[in-house]
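**Student:** One file is attached below, structure00.tsv, containing TSV, C-alpha atoms and all ligand atoms.
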```tsv
chain	number	residue	atom	x	y	z
A	1	MET	CA	130.63	118.25	60.48
A	2	THR	CA	129.57	114.67	59.94
A	3	THR	CA	130.10	113.24	63.42
A	4	SER	CA	127.40	113.47	66.00
A	5	VAL	CA	128.23	115.13	69.29
A	6	PRO	CA	125.95	114.22	72.20
A	7	PHE	CA	125.30	116.88	74.82
A	8	LEU	CA	126.66	114.59	77.55
A	9	ASP	CA	128.13	111.11	77.35
A	10	LEU	CA	126.83	109.50	80.55
A	11	ASP	CA	127.75	105.89	79.84
A	12	ALA	CA	131.38	106.96	79.27
A	13	ALA	CA	131.65	107.84	82.97
A	14	TYR	CA	130.48	104.36	83.89
A	15	LEU	CA	132.73	102.66	81.33
A	16	GLU	CA	135.82	104.51	82.62
A	17	LEU	CA	135.19	102.95	86.05
A	18	ARG	CA	133.39	99.78	85.07
A	19	PRO	CA	135.48	97.24	87.05
A	20	GLU	CA	135.39	99.34	90.25
A	21	ILE	CA	131.68	100.12	90.00
A	22	ASP	CA	130.69	96.55	89.12
A	23	ALA	CA	132.69	95.19	92.05
A	24	ALA	CA	131.31	97.79	94.47
A	25	VAL	CA	127.71	97.16	93.39
A	26	GLY	CA	128.27	93.39	93.56
A	27	GLU	CA	129.46	93.71	97.14
A	28	VAL	CA	126.35	95.63	98.14
A	29	LEU	CA	124.10	93.08	96.44
A	30	ALA	CA	125.76	90.26	98.36
A	31	SER	CA	125.83	92.16	101.67
A	32	GLY	CA	122.11	91.94	102.34
A	33	ARG	CA	122.13	95.55	103.58
A	34	TYR	CA	120.52	97.96	101.11
A	35	LEU	CA	119.75	101.12	103.09
A	36	LEU	CA	121.60	103.16	105.75
A	37	GLY	CA	124.55	100.77	105.94
A	38	ALA	CA	128.32	100.86	105.71
A	39	GLN	CA	128.45	102.34	102.18
A	40	THR	CA	126.22	105.28	103.07
A	41	GLU	CA	128.16	105.94	106.25
A	42	ALA	CA	131.53	105.78	104.46
A	43	PHE	CA	130.34	108.01	101.61
A	44	GLU	CA	129.03	110.59	104.08
A	45	THR	CA	132.45	110.71	105.77
A	46	GLU	CA	134.28	110.94	102.44
A	47	PHE	CA	131.98	113.56	100.90
A	48	ALA	CA	132.09	115.73	104.04
A	49	ALA	CA	135.90	115.60	103.82
A	50	ALA	CA	135.81	116.49	100.11
A	51	CYS	CA	133.71	119.54	101.02
A	52	SER	CA	135.92	120.40	104.04
A	53	ALA	CA	132.77	120.26	106.16
A	54	ALA	CA	131.97	118.63	109.49
A	55	HIS	CA	128.88	116.73	108.34
A	56	CYS	CA	127.29	115.19	105.27
A	57	VAL	CA	123.81	113.68	105.49
A	58	THR	CA	122.71	111.87	102.35
A	59	VAL	CA	119.10	112.04	101.21
A	60	GLY	CA	116.97	110.90	98.28
A	61	SER	CA	117.57	113.82	95.88
A	62	GLY	CA	118.90	117.35	95.53
A	63	CYS	CA	115.37	118.71	95.80
A	64	ASP	CA	114.93	116.86	99.12
A	65	ALA	CA	118.33	118.13	100.31
A	66	LEU	CA	117.10	121.70	99.82
A	67	GLU	CA	113.70	121.07	101.38
A	68	LEU	CA	115.07	119.23	104.42
A	69	SER	CA	117.76	121.90	104.97
A	70	LEU	CA	115.10	124.61	105.06
A	71	THR	CA	112.78	122.55	107.26
A	72	ALA	CA	115.62	121.72	109.65
A	73	LEU	CA	116.35	125.46	109.91
A	74	GLY	CA	112.74	126.02	110.94
A	75	VAL	CA	111.52	127.55	107.66
A	76	GLY	CA	107.82	126.88	107.17
A	77	PRO	CA	104.37	128.33	106.47
A	78	GLY	CA	104.21	132.12	106.65
A	79	ASP	CA	107.91	132.47	105.83
A	80	GLU	CA	109.49	133.84	102.68
A	81	VAL	CA	112.71	132.63	101.09
A	82	VAL	CA	114.62	134.77	98.60
A	83	VAL	CA	115.44	132.75	95.46
A	84	PRO	CA	116.86	133.58	92.02
A	85	ALA	CA	114.28	134.21	89.29
A	86	HIS	CA	116.74	132.51	86.92
A	87	THR	CA	117.24	128.95	88.19
A	88	PHE	CA	115.98	125.39	87.83
A	89	ILE	CA	112.45	125.02	89.22
A	90	ALA	CA	113.64	122.63	91.99
A	91	THR	CA	115.07	125.63	93.87
A	92	TRP	CA	111.59	127.14	94.14
A	93	LEU	CA	109.80	123.81	94.66
A	94	ALA	CA	111.91	123.03	97.73
A	95	VAL	CA	110.74	126.31	99.29
A	96	SER	CA	107.11	125.68	98.35
A	97	ARG	CA	107.22	122.13	99.66
A	98	CYS	CA	108.30	123.22	103.11
A	99	GLY	CA	105.31	125.57	103.17
A	100	ALA	CA	107.15	128.85	102.61
A	101	ARG	CA	106.88	131.28	99.69
A	102	PRO	CA	109.69	131.71	97.17
A	103	VAL	CA	110.42	135.42	96.54
A	104	PRO	CA	112.30	135.73	93.24
A	105	VAL	CA	115.03	138.25	92.44
A	106	GLU	CA	116.57	139.22	89.11
A	107	PRO	CA	120.06	138.26	87.95
A	108	SER	CA	122.56	141.11	87.80
A	109	PRO	CA	123.15	142.57	84.33
A	110	GLY	CA	125.49	140.48	82.19
A	111	SER	CA	125.46	137.65	84.75
A	112	TYR	CA	123.56	134.45	85.43
A	113	LEU	CA	123.66	134.95	89.21
A	114	VAL	CA	121.50	137.08	91.48
A	115	ASP	CA	121.82	140.82	91.82
A	116	LEU	CA	122.87	141.64	95.39
A	117	GLU	CA	120.88	144.86	95.56
A	118	ALA	CA	117.80	142.97	94.35
A	119	VAL	CA	118.33	140.40	97.11
A	120	GLU	CA	118.49	143.15	99.71
A	121	ALA	CA	115.39	144.84	98.27
A	122	ALA	CA	113.40	141.58	98.38
A	123	ILE	CA	113.85	141.12	102.14
A	124	THR	CA	110.72	141.70	104.26
A	125	PRO	CA	109.85	141.03	107.91
A	126	ARG	CA	108.66	137.57	106.79
A	127	THR	CA	111.96	136.58	105.13
A	128	ALA	CA	113.53	133.57	106.84
A	129	ALA	CA	116.34	132.62	104.49
A	130	ILE	CA	118.28	133.42	101.33
A	131	LEU	CA	118.74	130.52	98.93
A	132	ALA	CA	121.91	131.07	96.88
A	133	VAL	CA	122.22	129.03	93.67
A	134	HIS	CA	125.62	128.30	92.12
A	135	LEU	CA	124.01	128.16	88.70
A	136	TYR	CA	125.78	126.29	85.89
A	137	GLY	CA	128.64	125.59	88.35
A	138	GLU	CA	129.64	129.22	88.91
A	139	VAL	CA	129.97	129.98	92.61
A	140	ALA	CA	127.80	132.85	93.88
A	141	ASP	CA	129.42	135.62	95.90
A	142	LEU	CA	128.90	133.96	99.28
A	143	THR	CA	130.88	136.56	101.22
A	144	ALA	CA	128.56	139.32	100.05
A	145	LEU	CA	125.43	137.18	100.44
A	146	ARG	CA	126.44	136.17	103.97
A	147	ARG	CA	126.92	139.82	104.84
A	148	VAL	CA	123.36	140.55	103.71
A	149	ALA	CA	122.02	137.46	105.52
A	150	ASP	CA	123.83	138.35	108.75
A	151	ARG	CA	122.68	141.96	108.64
A	152	HIS	CA	119.05	140.79	108.54
A	153	GLY	CA	119.45	137.74	110.79
A	154	LEU	CA	118.63	135.27	107.99
A	155	ALA	CA	119.87	131.78	107.20
A	156	LEU	CA	121.92	131.38	104.02
A	157	VAL	CA	121.35	128.06	102.27
A	158	GLU	CA	123.28	127.04	99.15
A	159	ASP	CA	121.78	125.19	96.20
A	160	ALA	CA	125.02	123.48	95.20
A	161	ALA	CA	123.34	120.95	92.88
A	162	GLN	CA	125.34	122.19	89.88
A	163	SER	CA	128.60	123.02	91.62
A	164	THR	CA	130.04	119.88	93.23
A	165	GLY	CA	133.80	120.46	93.59
A	166	ALA	CA	133.69	124.15	92.62
A	167	ARG	CA	135.64	126.78	94.54
A	168	GLY	CA	134.64	130.33	95.36
A	169	ARG	CA	136.70	133.47	94.88
A	170	ASP	CA	138.35	132.89	98.26
A	171	GLY	CA	139.47	129.41	97.13
A	172	ALA	CA	137.09	127.64	99.52
A	173	VAL	CA	135.38	124.54	98.15
A	174	VAL	CA	131.58	124.75	97.89
A	175	GLY	CA	129.97	123.38	101.06
A	176	SER	CA	132.75	124.42	103.43
A	177	GLY	CA	131.86	126.88	106.16
A	178	SER	CA	128.23	126.88	105.09
A	179	THR	CA	125.00	126.99	107.12
A	180	ALA	CA	123.76	124.28	104.77
A	181	ALA	CA	124.66	123.35	101.22
A	182	ALA	CA	122.40	121.03	99.22
A	183	PHE	CA	123.96	118.75	96.60
A	184	SER	CA	122.37	116.59	93.91
A	185	PHE	CA	123.73	113.29	92.61
A	186	TYR	CA	121.28	113.14	89.69
A	187	PRO	CA	123.11	111.18	86.94
A	188	GLY	CA	123.88	114.26	84.82
A	189	LYS	CA	125.41	116.30	87.65
A	190	ASN	CA	129.20	116.61	88.11
A	191	LEU	CA	129.16	113.77	90.65
A	192	GLY	CA	126.33	111.59	89.41
A	193	ALA	CA	124.82	108.39	90.79
A	194	LEU	CA	123.11	105.76	88.65
A	195	GLY	CA	119.77	107.10	89.83
A	196	ASP	CA	118.61	109.81	92.22
A	197	GLY	CA	120.48	110.99	95.27
A	198	GLY	CA	121.40	114.10	97.23
A	199	ALA	CA	123.15	115.36	100.34
A	200	VAL	CA	123.12	118.16	102.87
A	201	VAL	CA	126.55	119.35	103.93
A	202	THR	CA	126.99	121.52	107.02
A	203	ASP	CA	129.32	122.47	109.86
A	204	ASP	CA	126.38	122.76	112.25
A	205	ASP	CA	126.04	119.67	114.51
A	206	GLU	CA	122.41	120.34	115.42
A	207	LEU	CA	121.35	121.03	111.83
A	208	ALA	CA	122.98	117.80	110.66
A	209	ARG	CA	121.18	115.91	113.42
A	210	ARG	CA	117.83	117.39	112.39
A	211	VAL	CA	118.28	116.50	108.71
A	212	ARG	CA	119.30	112.98	109.80
A	213	LEU	CA	116.02	112.71	111.72
A	214	LEU	CA	113.89	114.20	108.97
A	215	ARG	CA	115.19	111.90	106.22
A	216	ASN	CA	114.22	108.76	108.16
A	217	TYR	CA	110.66	109.25	109.51
A	218	GLY	CA	111.87	111.57	112.23
A	219	SER	CA	113.93	108.92	113.96
A	220	VAL	CA	117.53	107.87	114.37
A	221	ALA	CA	116.75	104.92	116.65
A	222	LYS	CA	114.13	102.66	115.09
A	223	TYR	CA	110.53	103.49	116.12
A	224	ALA	CA	111.59	106.46	118.27
A	225	HIS	CA	109.98	109.26	116.26
A	226	GLU	CA	111.10	112.66	117.57
A	227	VAL	CA	109.60	114.74	114.74
A	228	ARG	CA	107.29	114.19	111.75
A	229	GLY	CA	109.92	113.35	109.19
A	230	THR	CA	109.75	111.79	105.76
A	231	ASN	CA	111.39	108.97	103.82
A	232	SER	CA	114.31	110.38	101.83
A	233	ARG	CA	117.36	108.13	101.82
A	234	LEU	CA	120.25	107.41	99.51
A	235	ASP	CA	120.51	103.64	99.01
A	236	GLU	CA	123.62	101.53	99.52
A	237	ILE	CA	124.07	100.81	95.81
A	238	GLN	CA	124.13	104.53	94.96
A	239	ALA	CA	126.44	105.25	97.88
A	240	ALA	CA	128.86	102.58	96.61
A	241	VAL	CA	128.73	104.01	93.07
A	242	LEU	CA	129.37	107.53	94.39
A	243	ARG	CA	132.32	106.27	96.47
A	244	SER	CA	133.84	104.83	93.28
A	245	LYS	CA	133.43	108.13	91.44
A	246	LEU	CA	134.33	110.64	94.17
A	247	PRO	CA	138.13	110.20	93.85
A	248	LEU	CA	137.80	111.27	90.19
A	249	LEU	CA	135.67	114.36	90.79
A	250	ASP	CA	138.53	116.87	90.70
A	251	ALA	CA	140.08	115.31	87.59
A	252	TRP	CA	136.71	115.23	85.85
A	253	ASN	CA	136.05	118.85	86.78
A	254	ALA	CA	139.52	119.75	85.43
A	255	ARG	CA	138.55	118.18	82.09
A	256	ARG	CA	135.37	120.29	82.07
A	257	SER	CA	137.49	123.31	82.83
A	258	ALA	CA	139.81	122.60	79.89
A	259	ILE	CA	136.82	122.43	77.55
A	260	ALA	CA	135.43	125.66	78.99
A	261	ALA	CA	138.81	127.36	78.51
A	262	LEU	CA	138.83	126.28	74.87
A	263	TYR	CA	135.25	127.47	74.28
A	264	LEU	CA	136.04	130.81	75.98
A	265	ASP	CA	139.11	131.29	73.85
A	266	ARG	CA	137.41	130.47	70.55
A	267	LEU	CA	134.11	132.25	71.22
A	268	GLU	CA	135.19	135.35	73.16
A	269	GLU	CA	135.39	137.41	69.95
A	270	ALA	CA	132.63	135.64	68.02
A	271	THR	CA	129.73	137.65	66.63
A	272	GLY	CA	126.15	136.79	67.51
A	273	VAL	CA	126.99	135.01	70.78
A	274	ARG	CA	128.34	136.00	74.21
A	275	VAL	CA	130.41	133.74	76.43
A	276	PRO	CA	129.49	133.22	80.11
A	277	PRO	CA	131.03	135.38	82.84
A	278	HIS	CA	134.12	133.60	84.17
A	279	ASP	CA	135.86	135.81	86.67
A	280	GLN	CA	134.62	134.32	89.95
A	281	GLY	CA	136.67	131.48	91.41
A	282	ASP	CA	136.85	127.99	89.93
A	283	SER	CA	133.52	127.14	88.32
A	284	ALA	CA	132.55	123.45	88.28
A	285	TRP	CA	131.57	124.11	84.64
A	286	HIS	CA	128.50	121.94	85.07
A	287	LEU	CA	127.20	123.70	81.97
A	288	PHE	CA	128.78	126.01	79.39
A	289	VAL	CA	126.03	128.48	78.63
A	290	ILE	CA	126.31	131.09	75.88
A	291	ARG	CA	123.82	133.84	75.05
A	292	CYS	CA	122.66	134.08	71.45
A	293	ASP	CA	121.20	136.89	69.37
A	294	ASP	CA	119.12	134.28	67.54
A	295	ARG	CA	119.02	131.11	69.58
A	296	THR	CA	116.31	129.28	67.64
A	297	THR	CA	118.22	129.50	64.37
A	298	LEU	CA	121.59	128.70	65.90
A	299	GLN	CA	120.29	125.71	67.85
A	300	GLY	CA	118.46	124.41	64.77
A	301	GLU	CA	121.59	124.63	62.62
A	302	LEU	CA	123.77	123.00	65.25
A	303	THR	CA	121.27	120.14	65.42
A	304	ARG	CA	121.42	119.77	61.61
A	305	HIS	CA	125.20	119.55	61.91
A	306	GLY	CA	124.94	116.80	64.52
A	307	VAL	CA	125.72	118.89	67.61
A	308	GLU	CA	123.27	118.40	70.46
A	309	THR	CA	122.60	121.48	72.61
A	310	LEU	CA	120.10	122.14	75.41
A	311	VAL	CA	118.38	125.15	76.93
A	312	HIS	CA	118.66	125.69	80.70
A	313	TYR	CA	115.88	126.82	81.01
A	314	PRO	CA	113.34	127.74	78.32
A	315	THR	CA	110.54	128.93	80.64
A	316	PRO	CA	111.33	131.22	83.57
A	317	VAL	CA	109.98	129.62	86.75
A	318	HIS	CA	107.67	132.59	87.49
A	319	LEU	CA	105.92	132.09	84.15
A	320	SER	CA	105.55	128.32	84.40
A	321	PRO	CA	101.99	127.01	85.03
A	322	ALA	CA	103.24	125.49	88.30
A	323	TYR	CA	103.50	129.03	89.73
A	324	ALA	CA	100.50	130.59	87.99
A	325	ASP	CA	98.89	131.27	91.39
A	326	HIS	CA	101.74	133.56	92.43
A	327	GLY	CA	100.44	136.23	90.08
A	328	TYR	CA	103.48	137.00	87.93
A	329	ARG	CA	103.20	137.92	84.25
A	330	PRO	CA	105.56	138.50	81.33
A	331	GLY	CA	107.64	141.53	82.30
A	332	SER	CA	107.69	140.73	86.03
A	333	PHE	CA	111.39	139.76	85.81
A	334	PRO	CA	112.62	141.03	82.44
A	335	ARG	CA	116.28	140.05	82.86
A	336	ALA	CA	115.39	136.47	83.78
A	337	GLU	CA	112.92	136.34	80.88
A	338	ARG	CA	115.54	137.59	78.46
A	339	LEU	CA	117.99	134.93	79.62
A	340	ALA	CA	115.35	132.25	79.05
A	341	ASP	CA	115.13	133.47	75.43
A	342	GLU	CA	118.88	133.72	74.82
A	343	VAL	CA	120.72	130.97	76.69
A	344	LEU	CA	122.11	127.90	74.94
A	345	SER	CA	124.15	125.15	76.59
A	346	LEU	CA	126.98	123.67	74.51
A	347	PRO	CA	128.19	120.08	74.95
A	348	ILE	CA	130.51	119.75	77.95
A	349	GLY	CA	131.56	116.90	80.20
A	350	PRO	CA	134.59	114.93	81.36
A	351	HIS	CA	134.30	112.59	78.39
A	352	LEU	CA	134.02	115.13	75.60
A	353	ALA	CA	137.31	115.05	73.68
A	354	LEU	CA	139.06	118.40	73.25
A	355	PRO	CA	139.32	118.06	69.45
A	356	THR	CA	135.55	117.50	69.35
A	357	ALA	CA	134.99	120.60	71.50
A	358	GLU	CA	137.26	122.45	69.07
A	359	LEU	CA	134.99	121.47	66.17
A	360	VAL	CA	131.91	122.51	68.12
A	361	ALA	CA	133.45	125.91	68.89
A	362	GLU	CA	134.39	126.50	65.24
A	363	LEU	CA	130.93	125.56	64.10
A	364	VAL	CA	129.23	127.82	66.66
A	365	ALA	CA	131.45	130.77	65.67
A	366	GLU	CA	130.82	130.19	61.97
A	367	LEU	CA	127.03	129.69	62.25
A	368	ALA	CA	126.42	132.48	64.76
A	369	ALA	CA	128.19	135.00	62.51
A	370	GLN	CA	125.71	134.29	59.69
A	371	HIS	CA	122.71	135.82	61.47
B	1	LIG	C1	119.40	119.30	89.69
B	1	LIG	C2	119.08	120.51	90.46
B	1	LIG	C3	118.31	120.45	91.64
B	1	LIG	C4	117.58	119.23	92.09
B	1	LIG	O1	118.33	118.08	92.21
B	1	LIG	P1	117.59	116.66	92.03
B	1	LIG	O2	118.59	115.69	92.52
B	1	LIG	O3	117.25	116.51	90.59
B	1	LIG	O4	116.36	116.70	92.90
B	1	LIG	C5	118.14	121.60	92.37
B	1	LIG	N1	118.66	122.77	91.97
B	1	LIG	C6	119.38	122.88	90.84
B	1	LIG	C7	119.96	124.22	90.47
B	1	LIG	C8	119.60	121.76	90.04
B	1	LIG	O5	120.29	121.88	88.91
```
The structure in this file should be written as structure tokens.

**Tutor:**
Amino acid sequence: MTTSVPFLDLDAAYLELRPEIDAAVGEVLASGRYLLGAQTEAFETEFAAACSAAHCVTVGSGCDALELSLTALGVGPGDEVVVPAHTFIATWLAVSRCGARPVPVEPSPGSYLVDLEAVEAAITPRTAAILAVHLYGEVADLTALRRVADRHGLALVEDAAQSTGARGRDGAVVGSGSTAAAFSFYPGKNLGALGDGGAVVTDDDELARRVRLLRNYGSVAKYAHEVRGTNSRLDEIQAAVLRSKLPLLDAWNARRSAIAALYLDRLEEATGVRVPPHDQGDSAWHLFVIRCDDRTTLQGELTRHGVETLVHYPTPVHLSPAYADHGYRPGSFPRAERLADEVLSLPIGPHLALPTAELVAELVAELAAQH
């Protein structure tokens, strides 16, 4: 292959909507209102509706959305929160930042999502919440997780950063009927801003009110500080950009889905690689992650052929220096460690042409079979 295939074509999303986005941003610039104004309010209404939820409260990032959800639920020092061992570090950091301890659990065999029995086994008298992650866009089994949470009287919070617009096995869109679901609008996510942003989506009036307080110094009315909050706000420009993009979310996710279907078809029988599990609802296909017998060689050869791939994530969180003080070592979570060694993310996104994805799939099948 002579062409070069980027992992994700971010400017293409802007270019598809350039007139709308430019006009929307121009209006904000001329409005003189740059925070907590009409754009933020309108986006919150529209995003809550897209998630079939009663409330959306926008915040500064996905990490903040997780932290403020947990804090609003009363999770704090002395508490434990069950988290996946295999996830992006932000899941754990949100728990640590609200003063609680992340308690990792292994993925189930052959899957990227948590093992339900491991979740149950990780619960102690100190557990306050279960943090479910819809990793790579695949929706976790919320019905089963809610059953476990209810049985032990725990909150169930969703890390939906990678699953905007995805649907679970019951057909329900991610964020609907949830205690709290945290979304990220980081530029590379399925619904991306032109900078950082996030949101908490919930059906719980009181929880929404608390997050609304926490994101703005603990106040709704200026200088009336009910709690010790923080500063974590989406700005009006990002809200306007997200409003321009939101109507396209489903169509963009459908394009991701078409690429995933092609990859699944071409790579299902390939030697040397395994396709991701794909039997649970409608994944948002944020990432298309294969497992490789020899990832280093395959990734190197794909790079030489002009195909950019990424690894999500090369170091398991429990072995990263950031969590050295938690006392884990290699072997603590062998399944998560094995995934870190084997996973490889192929190019996917709403602006990757199907014929290009076809070439990528052929190349992966051909190269993987050689080792
Ligand atoms: C991106 C991401 C986050 C954090 O979102 P930010 O907006 O970058 O803070 C949290 N969890 C997961 C699984 C993510 O992929």

**Student:** Would you name the residues within 9 Å of ligand LIG 1 (chain B), counting only C-alpha atoms and all ligand atoms, and put them as a PyMOL selection string?

**Tutor:** chain A and resi 60-66+87-94+133-136+159-163+182-189+196-198

**Student:** Against range 107-124 of chain A, which residues of range 323-352 of chain A fall within 12 Å? For each one I want the closest pair of atoms and the distance in Å (one decimal), counting only C-alpha atoms, rows by chain and increasing residue number, as CSV.

**Tutor:**
```
residue,atom,partner,partner_atom,distance
A:Phe333,CA,A:Pro107,CA,9.1
A:Pro334,CA,A:Pro107,CA,9.7
A:Arg335,CA,A:Pro107,CA,6.6
A:Ala336,CA,A:Pro107,CA,6.5
A:Glu337,CA,A:Pro107,CA,10.2
A:Arg338,CA,A:Pro107,CA,10.5
A:Leu339,CA,A:Tyr112,CA,8.1
A:Ala340,CA,A:Tyr112,CA,10.6
A:Glu342,CA,A:Tyr112,CA,11.6
A:Val343,CA,A:Tyr112,CA,9.8
```

**Student:** Which of these, A:His55, A:Val173, A:Gly281, A:Asp22, has the shortest distance to Arg209 in chain A once you count only C-alpha atoms?

**Tutor:**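 When distances to Arg209 in chain A are compared using only C-alpha atoms, the smallest one comes from A:His55.
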
**Student:** Quick one: residues within 8 Å of range 7-13 of chain A, only C-alpha atoms, excluding same-chain residues fewer than 6 positions away - as a ChimeraX atom specification?

**Tutor:** /A:187-188,307-310,346-352

**Student:** So, with only C-alpha atoms as the atoms that count, which of A:Ser52, A:Ser178, A:Gln39, A:Thr297 lies closest to His371 in chain A?

**Tutor:**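 Among A:Ser52, A:Ser178, A:Gln39, A:Thr297, it is A:Thr297 that comes nearest to His371 in chain A.
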
**Student:** Counting only C-alpha atoms, what is within 8 Å of range 210-219 of chain A, bar same-chain residues fewer than 4 positions away, as a list of chain:residue names?

**Tutor:**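 Neighbouring residues, sequence-local ones excluded: A:Val57, A:Val59, A:Leu68, A:Ser69, A:Ala72, A:Val200, A:Glu206, A:Tyr223, A:Ala224, A:His225, A:Glu226, A:Val227, A:Arg228, A:Gly229, A:Thr230, A:Asn231, A:Ser232, A:Arg233.
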
**Student:** Please put the answer as JSON: centre and edge lengths, in Å with one decimal, of a box along x, y and z that encloses all listed atoms of range 306-321 of chain A plus 3 Å on each side.

**Tutor:**
```
{"center_x": 113.9, "center_y": 124.7, "center_z": 76.0, "size_x": 29.7, "size_y": 21.8, "size_z": 29.0}
```

**Student:** CA of Arg169 in chain A and CA of Val139 in chain A, how far apart in Å?

**Tutor:** 7.9 Å

**Student:** Any idea what's packed within 9 Å of Thr40 in chain A, counting all atoms listed in the file, ignoring anything in its chain fewer than 6 positions away? Could you give it as an MDAnalysis selection string?

**Tutor:** chainID A and resid 58 234:240

**Student:** Pull C-alpha atoms from the residues just selected and write them as a PDB file, in the coordinates of the input.

**Tutor:**
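New file out10.pdb:
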```pdb
ATOM      1  CA  THR A  58     122.710 111.870 102.350  1.00  0.00           C
ATOM      2  CA  LEU A 234     120.250 107.410  99.510  1.00  0.00           C
ATOM      3  CA  ASP A 235     120.510 103.640  99.010  1.00  0.00           C
ATOM      4  CA  GLU A 236     123.620 101.530  99.520  1.00  0.00           C
ATOM      5  CA  ILE A 237     124.070 100.810  95.810  1.00  0.00           C
ATOM      6  CA  GLN A 238     124.130 104.530  94.960  1.00  0.00           C
ATOM      7  CA  ALA A 239     126.440 105.250  97.880  1.00  0.00           C
ATOM      8  CA  ALA A 240     128.860 102.580  96.610  1.00  0.00           C
TER       9      ALA A 240
END
```

**Student:** Taking 6 positions as the minimum chain separation for residues in the same chain, which residues sit within 12 Å of Leu363 in chain A when counting only C-alpha atoms? Answer as number ranges by chain.

**Tutor:** A: 1-2, 5, 263, 266-267, 270, 298-299, 301-307, 346, 356-357, 369-370

**Student:** May I ask for the distance between CA of Ala180 in chain A and CA of Ser345 in chain A, given in Å to one decimal place?

**Tutor:**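 So the answer is 28.2 Å.
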
**Student:** CA of Asp279 in chain A to CA of Ala172 in chain A: how many Å, to one decimal?

**Tutor:** 15.3 Å

**Student:** Rank nothing, just name the residue among A:Tyr323, A:Leu359, A:Ala208, A:Leu73 nearest to Arg101 in chain A, using only C-alpha atoms.

**Tutor:**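 Ranking A:Tyr323, A:Leu359, A:Ala208, A:Leu73 by distance to Arg101 in chain A, first place goes to A:Tyr323.
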
**Student:** From (134.8, 126.5, 86.5), in the file's coordinates, out to 10 Å: which residues are reached, counting all atoms listed in the file? Answer as number ranges by chain.

**Tutor:** A: 136-139, 163, 165-168, 253-254, 256-258, 260-261, 278-288

**Student:** So which one's closest to His312 in chain A, A:His86, A:Asp265, A:Ala324, A:Asp293? Using all atoms listed in the file, please.

**Tutor:**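 Counting all atoms listed in the file, the residue closest to His312 in chain A is A:His86.
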
**Student:** Some atoms are missing, so please complete range 8-21 of chain A with N, CA and C atoms and return it as a PDB file, in the frame of the given file.

**Tutor:**
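Output below, filename part_23.pdb:
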```pdb
ATOM      1  N   LEU A   8     125.908 115.161  76.416  1.00  0.00           N
ATOM      2  CA  LEU A   8     126.660 114.590  77.550  1.00  0.00           C
ATOM      3  C   LEU A   8     126.711 113.088  77.382  1.00  0.00           C
ATOM      4  N   ASP A   9     127.906 112.531  77.558  1.00  0.00           N
ATOM      5  CA  ASP A   9     128.130 111.110  77.350  1.00  0.00           C
ATOM      6  C   ASP A   9     128.119 110.406  78.708  1.00  0.00           C
ATOM      7  N   LEU A  10     126.922 110.034  79.184  1.00  0.00           N
ATOM      8  CA  LEU A  10     126.830 109.500  80.550  1.00  0.00           C
ATOM      9  C   LEU A  10     127.410 108.105  80.703  1.00  0.00           C
ATOM     10  N   ASP A  11     127.225 107.250  79.690  1.00  0.00           N
ATOM     11  CA  ASP A  11     127.750 105.890  79.840  1.00  0.00           C
ATOM     12  C   ASP A  11     129.282 105.880  79.861  1.00  0.00           C
ATOM     13  N   ALA A  12     129.909 106.907  79.277  1.00  0.00           N
ATOM     14  CA  ALA A  12     131.380 106.960  79.270  1.00  0.00           C
ATOM     15  C   ALA A  12     131.930 107.049  80.696  1.00  0.00           C
ATOM     16  N   ALA A  13     131.206 107.734  81.576  1.00  0.00           N
ATOM     17  CA  ALA A  13     131.650 107.840  82.970  1.00  0.00           C
ATOM     18  C   ALA A  13     131.608 106.478  83.645  1.00  0.00           C
ATOM     19  N   TYR A  14     130.569 105.718  83.333  1.00  0.00           N
ATOM     20  CA  TYR A  14     130.480 104.360  83.890  1.00  0.00           C
ATOM     21  C   TYR A  14     131.579 103.477  83.297  1.00  0.00           C
ATOM     22  N   LEU A  15     131.758 103.553  81.984  1.00  0.00           N
ATOM     23  CA  LEU A  15     132.730 102.660  81.330  1.00  0.00           C
ATOM     24  C   LEU A  15     134.160 102.918  81.825  1.00  0.00           C
ATOM     25  N   GLU A  16     134.472 104.201  82.118  1.00  0.00           N
ATOM     26  CA  GLU A  16     135.820 104.510  82.620  1.00  0.00           C
ATOM     27  C   GLU A  16     136.096 103.781  83.938  1.00  0.00           C
ATOM     28  N   LEU A  17     135.035 103.536  84.706  1.00  0.00           N
ATOM     29  CA  LEU A  17     135.190 102.950  86.050  1.00  0.00           C
ATOM     30  C   LEU A  17     134.530 101.588  86.183  1.00  0.00           C
ATOM     31  N   ARG A  18     134.232 100.978  85.054  1.00  0.00           N
ATOM     32  CA  ARG A  18     133.390  99.780  85.070  1.00  0.00           C
ATOM     33  C   ARG A  18     133.836  98.699  86.076  1.00  0.00           C
ATOM     34  N   PRO A  19     135.105  98.303  86.117  1.00  0.00           N
ATOM     35  CA  PRO A  19     135.480  97.240  87.050  1.00  0.00           C
ATOM     36  C   PRO A  19     135.232  97.631  88.518  1.00  0.00           C
ATOM     37  N   GLU A  20     135.596  98.885  88.869  1.00  0.00           N
ATOM     38  CA  GLU A  20     135.390  99.340  90.250  1.00  0.00           C
ATOM     39  C   GLU A  20     133.903  99.379  90.612  1.00  0.00           C
ATOM     40  N   ILE A  21     133.108  99.966  89.692  1.00  0.00           N
ATOM     41  CA  ILE A  21     131.680 100.120  90.000  1.00  0.00           C
ATOM     42  C   ILE A  21     131.001  98.752  90.070  1.00  0.00           C
TER      43      ILE A  21
END
```
